[in-house]
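Student: Handing over upload_8.csv, CSV, C-alpha atoms and all ligand atoms.
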```
chain,number,residue,atom,x,y,z
A,16,MET,CA,-52.2,128.8,150.1
A,17,ARG,CA,-51.7,132.0,148.1
A,18,VAL,CA,-54.9,133.4,146.7
A,19,LEU,CA,-55.4,136.2,144.3
A,20,VAL,CA,-58.4,138.4,145.1
A,21,ALA,CA,-59.7,140.4,142.2
A,22,GLY,CA,-61.7,143.4,143.5
A,23,ALA,CA,-60.0,143.2,146.9
A,24,SER,CA,-60.6,146.9,147.8
A,25,GLY,CA,-64.4,146.6,147.7
A,26,PHE,CA,-66.6,145.4,150.5
A,27,LEU,CA,-66.8,141.8,149.2
A,28,GLY,CA,-63.2,141.7,148.4
A,29,ARG,CA,-62.1,143.0,151.8
A,30,SER,CA,-64.3,140.3,153.4
A,31,ALA,CA,-62.7,137.6,151.2
A,32,VAL,CA,-59.2,138.8,152.1
A,33,ARG,CA,-60.1,138.8,155.9
A,34,ALA,CA,-61.6,135.4,155.7
A,35,LEU,CA,-58.6,134.0,153.8
A,36,VAL,CA,-56.1,135.5,156.1
A,37,ALA,CA,-58.0,134.3,159.2
A,38,GLY,CA,-57.8,130.8,157.7
A,39,GLY,CA,-54.1,131.0,157.5
A,40,HIS,CA,-53.8,131.9,153.8
A,41,GLU,CA,-52.0,134.6,151.9
A,42,ALA,CA,-54.4,137.0,150.1
A,43,VAL,CA,-52.9,139.0,147.2
A,44,GLY,CA,-55.2,141.9,146.4
A,45,LEU,CA,-55.1,143.5,143.0
A,46,ALA,CA,-55.1,147.3,143.2
A,47,ARG,CA,-55.4,149.6,140.2
A,48,SER,CA,-54.0,152.6,142.0
A,49,PRO,CA,-51.8,153.2,145.1
A,50,ASP,CA,-54.7,154.7,147.1
A,51,LYS,CA,-56.2,151.2,147.4
A,52,ASP,CA,-53.1,149.7,148.9
A,53,ALA,CA,-53.8,150.8,152.4
A,54,VAL,CA,-57.4,149.4,152.2
A,55,ILE,CA,-56.1,146.0,151.1
A,56,ARG,CA,-53.3,146.1,153.8
A,57,ALA,CA,-55.8,147.0,156.5
A,58,ALA,CA,-57.8,143.8,155.6
A,59,GLY,CA,-54.6,141.8,155.9
A,60,GLY,CA,-53.8,141.4,152.2
A,61,THR,CA,-50.8,142.1,150.1
A,62,PRO,CA,-51.5,144.6,147.4
A,63,VAL,CA,-50.1,144.1,143.9
A,64,ARG,CA,-50.6,146.7,141.2
A,65,GLY,CA,-52.8,145.7,138.3
A,66,ASP,CA,-56.0,146.6,136.5
A,67,ILE,CA,-58.9,144.3,137.3
A,68,LEU,CA,-60.2,144.5,133.8
A,69,SER,CA,-56.9,143.7,132.1
A,70,ILE,CA,-56.4,140.0,131.5
A,71,PRO,CA,-52.6,140.3,131.1
A,72,ALA,CA,-52.4,142.1,134.4
A,73,LEU,CA,-54.5,139.4,136.1
A,74,VAL,CA,-52.5,136.7,134.5
A,75,GLU,CA,-49.3,138.3,135.8
A,76,ALA,CA,-50.7,138.8,139.3
A,77,ALA,CA,-52.1,135.2,139.4
A,78,LYS,CA,-48.6,133.7,138.9
A,79,GLY,CA,-47.7,131.8,142.0
A,80,CYS,CA,-51.3,131.8,143.2
A,81,GLU,CA,-53.2,128.6,143.6
A,82,ALA,CA,-56.7,130.0,143.5
A,83,LEU,CA,-58.6,133.0,142.4
A,84,VAL,CA,-61.5,134.7,144.1
A,85,HIS,CA,-63.4,137.2,142.1
A,86,ALA,CA,-65.1,139.7,144.3
A,87,ALA,CA,-66.4,142.2,141.8
A,88,ALA,CA,-68.9,142.0,139.0
A,89,ALA,CA,-66.4,143.8,136.7
A,90,ALA,CA,-63.8,141.1,137.3
A,91,THR,CA,-66.0,138.3,136.2
A,92,THR,CA,-65.1,138.1,132.5
A,93,ALA,CA,-61.4,138.6,133.1
A,94,SER,CA,-61.4,136.1,136.0
A,95,ARG,CA,-63.1,133.5,133.7
A,96,GLU,CA,-60.4,133.9,131.2
A,97,ILE,CA,-57.8,133.4,133.9
A,98,GLY,CA,-59.7,130.4,135.0
A,99,GLN,CA,-59.4,128.9,131.5
A,100,SER,CA,-55.7,129.7,131.2
A,101,VAL,CA,-53.4,130.3,134.1
A,102,ALA,CA,-55.4,129.4,137.0
A,103,ALA,CA,-57.2,126.6,135.2
A,104,LYS,CA,-55.0,125.5,137.8
A,105,VAL,CA,-57.9,126.8,139.9
A,106,ARG,CA,-57.9,123.2,140.9
A,107,VAL,CA,-60.8,121.7,142.6
A,108,ASP,CA,-58.6,120.8,145.5
A,109,GLY,CA,-58.2,124.5,146.0
A,110,ALA,CA,-61.9,124.5,146.8
A,111,TYR,CA,-61.2,122.3,149.8
A,112,ASN,CA,-58.9,125.0,151.2
A,113,LEU,CA,-61.2,127.8,150.5
A,114,VAL,CA,-64.3,126.3,152.0
A,115,ALA,CA,-62.3,125.0,155.0
A,116,ALA,CA,-60.8,128.5,155.5
A,117,ALA,CA,-64.2,130.1,155.3
A,118,ARG,CA,-65.7,127.5,157.6
A,119,LYS,CA,-63.0,128.2,160.2
A,120,ALA,CA,-63.4,132.0,159.8
A,121,VAL,CA,-67.1,132.4,160.3
A,122,ARG,CA,-69.7,131.2,162.8
A,123,VAL,CA,-72.7,132.1,160.7
A,124,PRO,CA,-74.2,129.5,158.3
A,125,LEU,CA,-71.8,129.0,155.4
A,126,THR,CA,-73.3,128.5,152.0
A,127,VAL,CA,-71.5,128.1,148.7
A,128,LYS,CA,-72.8,128.9,145.3
A,129,PHE,CA,-71.3,127.6,142.1
A,130,ARG,CA,-72.0,126.8,138.4
A,131,LEU,CA,-71.8,123.5,136.6
A,132,GLY,CA,-68.1,124.0,135.8
A,133,LEU,CA,-66.1,126.0,133.3
A,134,ASP,CA,-67.8,124.3,130.4
A,135,SER,CA,-69.8,121.1,129.8
A,136,ALA,CA,-66.6,119.1,129.2
A,137,ARG,CA,-65.3,120.2,132.6
A,138,ALA,CA,-68.5,120.0,134.7
A,139,ASN,CA,-67.3,119.5,138.2
A,140,TYR,CA,-70.3,120.6,140.2
A,141,LEU,CA,-70.9,117.2,141.8
A,142,GLU,CA,-67.3,117.0,143.0
A,143,LEU,CA,-67.5,120.6,144.2
A,144,GLY,CA,-70.7,119.9,146.0
A,145,ARG,CA,-69.2,117.0,147.8
A,146,ILE,CA,-66.1,119.1,148.8
A,147,CYS,CA,-68.4,121.8,150.2
A,148,GLN,CA,-70.3,119.2,152.2
A,149,GLU,CA,-67.1,117.5,153.5
A,150,GLU,CA,-65.6,120.8,154.5
A,151,GLY,CA,-68.5,121.9,156.5
A,152,ALA,CA,-70.7,124.1,154.3
A,153,ASP,CA,-74.2,124.2,155.5
A,154,ALA,CA,-75.8,124.4,152.1
A,155,VAL,CA,-75.0,124.9,148.5
A,156,ALA,CA,-76.7,126.5,145.5
A,157,LEU,CA,-76.2,125.6,141.9
A,158,HIS,CA,-76.7,128.0,139.0
A,159,ALA,CA,-77.2,125.2,136.4
A,160,ARG,CA,-75.2,126.8,133.6
A,161,THR,CA,-71.5,126.6,132.8
A,162,ALA,CA,-69.2,129.6,133.2
A,163,ARG,CA,-68.8,129.6,129.4
A,164,GLN,CA,-72.5,129.9,128.9
A,165,MET,CA,-72.7,133.1,131.0
A,166,PHE,CA,-76.5,133.7,130.8
A,167,SER,CA,-77.2,132.1,127.4
A,168,GLY,CA,-79.1,128.8,126.8
A,169,GLN,CA,-81.2,127.1,129.4
A,170,PRO,CA,-80.2,126.1,132.9
A,171,ASP,CA,-79.8,122.3,133.1
A,172,ARG,CA,-82.3,121.5,135.8
A,173,GLU,CA,-81.6,117.8,135.6
A,174,ARG,CA,-78.2,118.5,137.1
A,175,ILE,CA,-79.8,120.3,140.0
A,176,ARG,CA,-81.6,117.0,140.6
A,177,LEU,CA,-78.4,115.0,140.4
A,178,LEU,CA,-76.7,117.3,142.9
A,179,LYS,CA,-79.6,117.1,145.2
A,180,ASP,CA,-79.4,113.3,145.0
A,181,ALA,CA,-75.7,113.3,145.6
A,182,LEU,CA,-75.6,115.5,148.8
A,183,ARG,CA,-77.0,115.4,152.3
A,184,ILE,CA,-76.8,119.1,152.9
A,185,PRO,CA,-79.6,121.3,151.4
A,186,VAL,CA,-79.3,122.2,147.7
A,187,SER,CA,-80.8,125.3,146.2
A,188,GLY,CA,-81.5,125.5,142.5
A,189,ASN,CA,-80.9,128.7,140.5
A,190,GLY,CA,-81.3,130.0,137.0
A,191,ASP,CA,-84.1,131.7,135.2
A,192,ILE,CA,-86.8,131.5,137.9
A,193,GLU,CA,-89.0,134.3,136.8
A,194,THR,CA,-92.4,133.4,138.2
A,195,PRO,CA,-93.9,131.6,141.2
A,196,GLU,CA,-94.8,128.8,138.8
A,197,ASP,CA,-91.2,128.4,137.8
A,198,ALA,CA,-90.2,128.0,141.4
A,199,VAL,CA,-92.8,125.5,142.2
A,200,ALA,CA,-91.9,123.5,139.0
A,201,LEU,CA,-88.2,123.5,140.1
A,202,TRP,CA,-89.1,122.1,143.5
A,203,ARG,CA,-91.3,119.5,141.9
A,204,ASP,CA,-88.9,118.4,139.2
A,205,THR,CA,-85.6,118.4,141.1
A,206,GLY,CA,-86.6,117.8,144.7
A,207,CYS,CA,-84.3,120.7,145.6
A,208,ASP,CA,-84.6,122.3,149.1
A,209,GLY,CA,-84.5,125.9,148.1
A,210,VAL,CA,-84.9,128.2,145.1
A,211,MET,CA,-82.4,131.0,144.5
A,212,ILE,CA,-83.6,134.0,142.6
A,213,GLY,CA,-81.4,136.7,141.0
A,214,ARG,CA,-82.6,138.9,138.3
A,215,ALA,CA,-86.3,138.5,138.8
A,216,ALA,CA,-86.1,139.7,142.3
A,217,ILE,CA,-84.7,143.0,141.1
A,218,LYS,CA,-87.6,143.6,138.8
A,219,ASN,CA,-90.3,142.1,141.0
A,220,PRO,CA,-89.4,142.2,144.7
A,221,TRP,CA,-92.7,140.8,145.6
A,222,ILE,CA,-91.8,137.5,144.0
A,223,PHE,CA,-90.8,135.8,147.3
A,224,ARG,CA,-94.2,136.5,148.8
A,225,GLN,CA,-95.9,135.4,145.6
A,226,ILE,CA,-93.9,132.1,145.6
A,227,ALA,CA,-94.8,131.4,149.3
A,228,GLN,CA,-98.5,132.1,148.4
A,229,ARG,CA,-98.5,129.8,145.3
A,230,ARG,CA,-96.7,127.1,147.3
A,231,ALA,CA,-99.4,127.3,149.9
A,232,GLY,CA,-102.0,126.9,147.2
A,233,ARG,CA,-103.1,130.5,147.4
A,234,PRO,CA,-103.2,133.1,144.5
A,235,ALA,CA,-100.1,135.2,144.2
A,236,HIS,CA,-100.5,138.7,145.6
A,237,GLN,CA,-100.5,141.4,143.0
A,238,PRO,CA,-98.8,144.6,144.2
A,239,THR,CA,-101.3,147.5,144.5
A,240,LEU,CA,-100.7,150.9,143.0
A,241,GLU,CA,-99.9,152.2,146.5
A,242,GLU,CA,-97.4,149.5,147.1
A,243,ARG,CA,-95.7,150.2,143.8
A,244,ARG,CA,-95.6,153.9,144.5
A,245,ASP,CA,-94.2,153.4,148.0
A,246,LEU,CA,-91.6,151.0,146.8
A,247,ILE,CA,-90.3,153.5,144.2
A,248,ALA,CA,-90.2,156.3,146.8
A,249,TRP,CA,-88.5,154.1,149.4
A,250,HIS,CA,-85.9,152.9,146.9
A,251,PHE,CA,-85.3,156.4,145.8
A,252,GLY,CA,-84.8,157.5,149.4
A,253,LEU,CA,-82.2,154.8,149.9
A,254,LEU,CA,-80.4,155.9,146.8
A,255,ARG,CA,-80.4,159.5,148.0
A,256,GLU,CA,-78.9,158.5,151.3
A,257,ARG,CA,-75.9,157.1,149.6
A,258,GLU,CA,-75.5,158.7,146.2
A,259,THR,CA,-75.5,162.1,144.6
A,260,GLU,CA,-78.8,163.5,143.4
A,261,GLU,CA,-77.8,163.1,139.8
A,262,PHE,CA,-76.8,159.5,140.2
A,263,ALA,CA,-79.9,158.6,142.2
A,264,LEU,CA,-82.2,160.2,139.6
A,265,HIS,CA,-80.4,158.2,136.9
A,266,LYS,CA,-80.6,154.9,138.7
A,267,ILE,CA,-84.2,155.2,139.8
A,268,ARG,CA,-85.3,155.5,136.2
A,269,THR,CA,-84.4,151.9,135.5
A,270,PHE,CA,-86.1,150.7,138.5
A,271,THR,CA,-89.2,152.8,138.0
A,272,GLY,CA,-89.5,151.1,134.6
A,273,TRP,CA,-89.6,147.7,136.2
A,274,TYR,CA,-91.8,148.7,139.2
A,275,THR,CA,-94.4,150.3,136.9
A,276,HIS,CA,-94.3,147.5,134.3
A,277,GLY,CA,-97.7,146.9,132.7
A,278,LEU,CA,-99.4,150.0,134.2
A,279,PRO,CA,-101.5,152.1,131.8
A,280,ASN,CA,-99.5,155.3,131.1
A,281,GLY,CA,-96.5,153.8,132.9
A,282,ARG,CA,-94.6,154.6,129.7
A,283,ALA,CA,-95.5,158.3,130.0
A,284,LEU,CA,-94.1,158.3,133.6
A,285,ARG,CA,-90.9,156.7,132.4
A,286,GLN,CA,-90.5,159.2,129.6
A,287,LYS,CA,-91.3,162.1,132.0
A,288,ILE,CA,-88.7,161.1,134.6
A,289,ASN,CA,-86.0,160.8,132.0
A,290,SER,CA,-85.6,164.5,131.9
A,291,LEU,CA,-86.3,165.6,135.5
A,292,PRO,CA,-83.6,167.7,137.1
A,293,SER,CA,-84.2,167.3,140.9
A,294,THR,CA,-85.5,165.1,143.7
A,295,ALA,CA,-88.5,167.5,144.1
A,296,HIS,CA,-89.4,167.2,140.5
A,297,PHE,CA,-89.2,163.4,140.6
A,298,MET,CA,-91.3,163.1,143.7
A,299,ASP,CA,-93.9,165.4,142.3
A,300,ALA,CA,-94.1,163.4,139.1
A,301,LEU,CA,-94.4,160.2,141.1
A,302,GLU,CA,-97.2,161.5,143.3
A,303,GLN,CA,-99.1,162.9,140.4
A,304,PHE,CA,-98.8,159.7,138.3
A,305,PHE,CA,-100.0,157.5,141.1
A,306,ALA,CA,-102.7,159.9,142.3
A,307,GLU,CA,-104.2,159.7,138.8
A,308,ALA,CA,-103.8,156.0,138.5
A,309,ILE,CA,-105.4,155.4,141.9
A,310,ALA,CA,-108.3,157.6,140.9
A,311,THR,CA,-108.9,155.5,137.7
A,312,PRO,CA,-111.2,152.5,137.8
A,313,ALA,CA,-109.6,149.3,139.1
A,314,ASP,CA,-110.0,147.3,135.9
A,315,THR,CA,-107.3,149.5,134.4
A,316,ALA,CA,-104.9,149.1,137.2
A,317,GLY,CA,-102.4,147.4,134.9
A,318,SER,CA,-101.2,143.9,134.1
A,319,PRO,CA,-99.9,141.8,137.0
A,320,LEU,CA,-96.3,141.2,137.7
A,321,VAL,CA,-97.1,137.5,137.6
A,322,SER,CA,-99.9,136.0,135.6
A,323,GLY,CA,-102.6,133.9,137.0
A,324,THR,CA,-102.0,131.2,134.5
A,325,GLY,CA,-98.4,130.7,135.0
A,326,ALA,CA,-97.1,132.6,131.9
A,327,PRO,CA,-94.4,135.1,132.8
A,328,ALA,CA,-95.7,138.6,132.8
A,329,LEU,CA,-92.3,140.2,133.2
A,330,ALA,CA,-90.3,141.0,130.2
A,331,LEU,CA,-86.8,140.0,131.3
A,332,THR,CA,-84.3,141.2,128.9
A,333,ALA,CA,-81.6,143.0,130.8
A,334,GLN,CA,-78.4,141.2,131.8
A,335,THR,CA,-77.1,142.4,135.1
A,336,ALA,CA,-74.5,139.8,136.1
B,1,LIG,C1,-77.2,142.1,140.5
B,1,LIG,C2,-76.7,140.7,140.5
B,1,LIG,C3,-75.4,140.5,141.1
B,1,LIG,C4,-74.9,139.2,141.1
B,1,LIG,N1,-73.7,139.0,141.7
B,1,LIG,C5,-73.2,137.7,141.7
B,1,LIG,C6,-72.0,137.4,142.4
B,1,LIG,O1,-71.3,138.3,143.0
B,1,LIG,N2,-71.5,136.2,142.4
B,1,LIG,C7,-72.2,135.2,141.8
B,1,LIG,O2,-71.8,134.0,141.9
B,1,LIG,N3,-73.4,135.4,141.2
B,1,LIG,C8,-73.9,136.6,141.1
B,1,LIG,N4,-75.0,136.9,140.4
B,1,LIG,C9,-75.7,135.8,139.7
B,1,LIG,C10,-76.9,135.3,140.4
B,1,LIG,O3,-76.5,134.8,141.7
B,1,LIG,C11,-77.5,134.1,139.7
B,1,LIG,O4,-76.7,133.0,139.7
B,1,LIG,C12,-77.8,134.4,138.2
B,1,LIG,O5,-78.3,135.7,138.1
B,1,LIG,C13,-78.8,133.4,137.7
B,1,LIG,O6,-80.0,133.5,138.4
B,1,LIG,P1,-81.3,134.3,137.8
B,1,LIG,O7,-81.6,133.7,136.5
B,1,LIG,O8,-82.3,134.1,138.9
B,1,LIG,O9,-80.9,135.7,137.7
B,1,LIG,C14,-75.6,138.2,140.4
B,1,LIG,C15,-76.8,138.4,139.8
B,1,LIG,C16,-77.3,139.7,139.8
B,1,LIG,C17,-78.7,140.0,139.2
```
For this file, produce the structure as structure tokens.

Tutor:
Amino acid sequence: MRVLVAGASGFLGRSAVRALVAGGHEAVGLARSPDKDAVIRAAGGTPVRGDILSIPALVEAAKGCEALVHAAAAATTASREIGQSVAAKVRVDGAYNLVAAARKAVRVPLTVKFRLGLDSARANYLELGRICQEEGADAVALHARTARQMFSGQPDRERIRLLKDALRIPVSGNGDIETPEDAVALWRDTGCDGVMIGRAAIKNPWIFRQIAQRRAGRPAHQPTLEERRDLIAWHFGLLRERETEEFALHKIRTFTGWYTHGLPNGRALRQKINSLPSTAHFMDALEQFFAEAIATPADTAGSPLVSGTGAPALALTAQTA
């Protein structure tokens, strides 16, 4: 099978190309500029020139391909358009080959995640789930929205239940889990085996521990000021290892906003770090803010990242994927 991989030169794309080629398929990698050709070739793919964000270019490149793998967040919208037009031919039977190829290529547990379908009229998640099961996937996860919905509307949890009932392999439910209570409710209402969390984990990385605690009937751990400070410093350190100082400072601002959500004066810290020019300035501001917060009486330590009553304490507004 000839498969178009959009985003083929990135890490995920190269992995997809290698897996496809190992499974005996032909992987066509879209490359915006000639310098990406060698990377795609090294992974075993065939480069074709085209801009990942240009729908006409993707349509052109998709000709003669039987399936499309999107391996970059930027490619999502364009790929979806393709899915609705040319490779609407992204036939479900193509999934057989993809899952089978992946199964052959890897020894690690193979899991597949998908949505309900392109739109509600073409919901094929049950069929896709059965294909994954037959072709040897170890587990599947369902984001219970259609592709057309993107992140709008509500996930259809009833369909997670239907998929769970239809399959023998484990099924994880996904979509809008923001609090431990949401996770527990999803388990209860759908019987699903696992809960997959996307956006909430970025903003509240403690959510997994909090869910485990709630599930065990214990109160959810609220991160302490020290834990929040250490997380910001650790995250910033990771960014500095990989990125320029300017980029790291820019990126950590967003995360500092999430990690200090609800703290008194958190806003002042966020405003302050908006204009800091260097790592040293940032670390000083961080230390000073938390030293003051830690010295303040505990009852002003800020609102929890999850509420004790089940109401979401996080303001989830940003769309990241
Ligand atoms: C940073 C980020 C990157 C994501 N990348 C992908 C991806 O490459 N492929 C995919 O199918 N879904 C991706 N997603 C979507 C999530 O897996 C998930 O289905 C979606 O965010 C809904 O779950 P949530 O409401 O818990 O965020 C991504 C989500 C985020 C936040």

Student: Provide the atom C3 of ligand LIG 1 (chain B) to atom CA of A:Gly213 distance in Å, to one decimal place.

Tutor: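 Distance reported for this atom pair: 7.1 Å.
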
Student: I'd like to know which of A:Glu256, A:Asp52, A:Glu41, A:Glu150 is closest to A:Ala82, using only C-alpha atoms.

Tutor: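 The shortest atom-to-atom distance to A:Ala82 comes from A:Glu41.
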
Student: Grab the atom CA of A:Thr294 to atom CA of A:Thr259 distance for me, in Å with one decimal place.

Tutor: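 Here the two named atoms are 10.5 Å from each other.
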
Student: In Å, with one decimal, what is the gap from atom CA of A:Asp50 to atom CA of A:Lys78?

Tutor: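 Answer for the atom CA of A:Asp50 to atom CA of A:Lys78 separation: 23.4 Å.
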
Student: With only C-alpha atoms and all ligand atoms as the basis for distance, which of A:Leu157, A:Ile222, A:Ala181, A:Val18 is at the shortest distance from ligand LIG 1 (chain B)?

Tutor: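 Residue with the minimum atom-to-atom distance to ligand LIG 1 (chain B): A:Leu157.
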
Student: Measuring atom to atom with only C-alpha atoms and all ligand atoms, identify which of A:Ala37, A:Val84, A:Leu45, A:Val199 is nearest to ligand LIG 1 (chain B).

Tutor: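 Answer, going by the shortest atom-to-atom distance: A:Val84.
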
Student: Taking 5 positions as the minimum chain separation for residues in the same chain, which residues sit within 10 Å of A:Asp191 when counting only C-alpha atoms? Answer as an NGL selection string.

Tutor: :A and (158-159 or 166 or 169-170 or 197-198 or 211-215 or 331)

Student: Any idea what's packed within 6 Å of A:Arg47, counting only C-alpha atoms, ignoring anything in its chain fewer than 3 positions away? Could you give it as a PyMOL selection string?

Tutor: chain A and resi 64-66

Student: Mind checking which residues fall within 9 Å of A:Arg224, counting all atoms listed in the file, ignoring those fewer than 5 positions away in the same chain, and posting them as a list in words?

Tutor: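 The residues satisfying every condition are Arg229, Ala235 and His236 of chain A.
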
Student: For ligand LIG 1 (chain B), which residue among A:Arg282, A:Arg203, A:His250, A:Lys128 is the nearest when counting only C-alpha atoms and all ligand atoms?

Tutor: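 Smallest distance to ligand LIG 1 (chain B) is found for A:Lys128.
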
Student: List the spatial neighbours of A:Glu261 as a list in words - criterion: any atom at most 8 Å away, all atoms listed in the file, same-chain residues fewer than 2 positions off excluded.

Tutor: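 Neighbouring residues, sequence-local ones excluded: Thr259, Ala263, Leu264, His265, Pro292 and Ser293 of chain A.
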
Student: Keeping C-alpha atoms for every residue in the selection just given, could you write it to a file as a tab-separated table (two decimals), keeping the file's coordinate frame?

Tutor:
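As a result, selection.tsv now contains:
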```tsv
chain	number	residue	atom	x	y	z
A	259	THR	CA	-75.50	162.10	144.60
A	263	ALA	CA	-79.90	158.60	142.20
A	264	LEU	CA	-82.20	160.20	139.60
A	265	HIS	CA	-80.40	158.20	136.90
A	292	PRO	CA	-83.60	167.70	137.10
A	293	SER	CA	-84.20	167.30	140.90
```

Student: So, with only C-alpha atoms and all ligand atoms as the atoms that count, which of A:Gly59, A:Gly272, A:Gly190, A:Gly44 lies closest to ligand LIG 1 (chain B)?

Tutor: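 Selected residue with least distance to ligand LIG 1 (chain B): A:Gly190.
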
Student: Take the point (-60.4, 132.8, 159.7) as written in the file and pick out every residue within 12 Å of it, counting all atoms listed in the file; give the list as a VMD selection string.

Tutor: chain A and resid 30 to 41 59 112 to 122

Student: Those same residues, written as a short mmCIF file (atom, residue, chain, number, x, y, z; two decimals), keeping the file's coordinate frame with C-alpha atoms?

Tutor:
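Heads up, here's the output in out-v6.cif:
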```cif
data_model
loop_
_atom_site.label_atom_id
_atom_site.label_comp_id
_atom_site.auth_asym_id
_atom_site.auth_seq_id
_atom_site.Cartn_x
_atom_site.Cartn_y
_atom_site.Cartn_z
CA SER A 30 -64.30 140.30 153.40
CA ALA A 31 -62.70 137.60 151.20
CA VAL A 32 -59.20 138.80 152.10
CA ARG A 33 -60.10 138.80 155.90
CA ALA A 34 -61.60 135.40 155.70
CA LEU A 35 -58.60 134.00 153.80
CA VAL A 36 -56.10 135.50 156.10
CA ALA A 37 -58.00 134.30 159.20
CA GLY A 38 -57.80 130.80 157.70
CA GLY A 39 -54.10 131.00 157.50
CA HIS A 40 -53.80 131.90 153.80
CA GLU A 41 -52.00 134.60 151.90
CA GLY A 59 -54.60 141.80 155.90
CA ASN A 112 -58.90 125.00 151.20
CA LEU A 113 -61.20 127.80 150.50
CA VAL A 114 -64.30 126.30 152.00
CA ALA A 115 -62.30 125.00 155.00
CA ALA A 116 -60.80 128.50 155.50
CA ALA A 117 -64.20 130.10 155.30
CA ARG A 118 -65.70 127.50 157.60
CA LYS A 119 -63.00 128.20 160.20
CA ALA A 120 -63.40 132.00 159.80
CA VAL A 121 -67.10 132.40 160.30
CA ARG A 122 -69.70 131.20 162.80
#
```

Student: Of the candidates A:Gly60, A:Pro49, A:Gly144, A:Gly188, which one gets nearest to ligand LIG 1 (chain B) if we count only C-alpha atoms and all ligand atoms?

Tutor: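 Under the stated criterion, the closest residue is A:Gly188.
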
Student: Please write as a PyMOL selection string the list of polymer residues whose atoms come within 6 Å of (-103.0, 156.6, 135.0), counting all atoms listed in the file and keeping to the coordinates of the file.

Tutor: chain A and resi 279-280+307-308
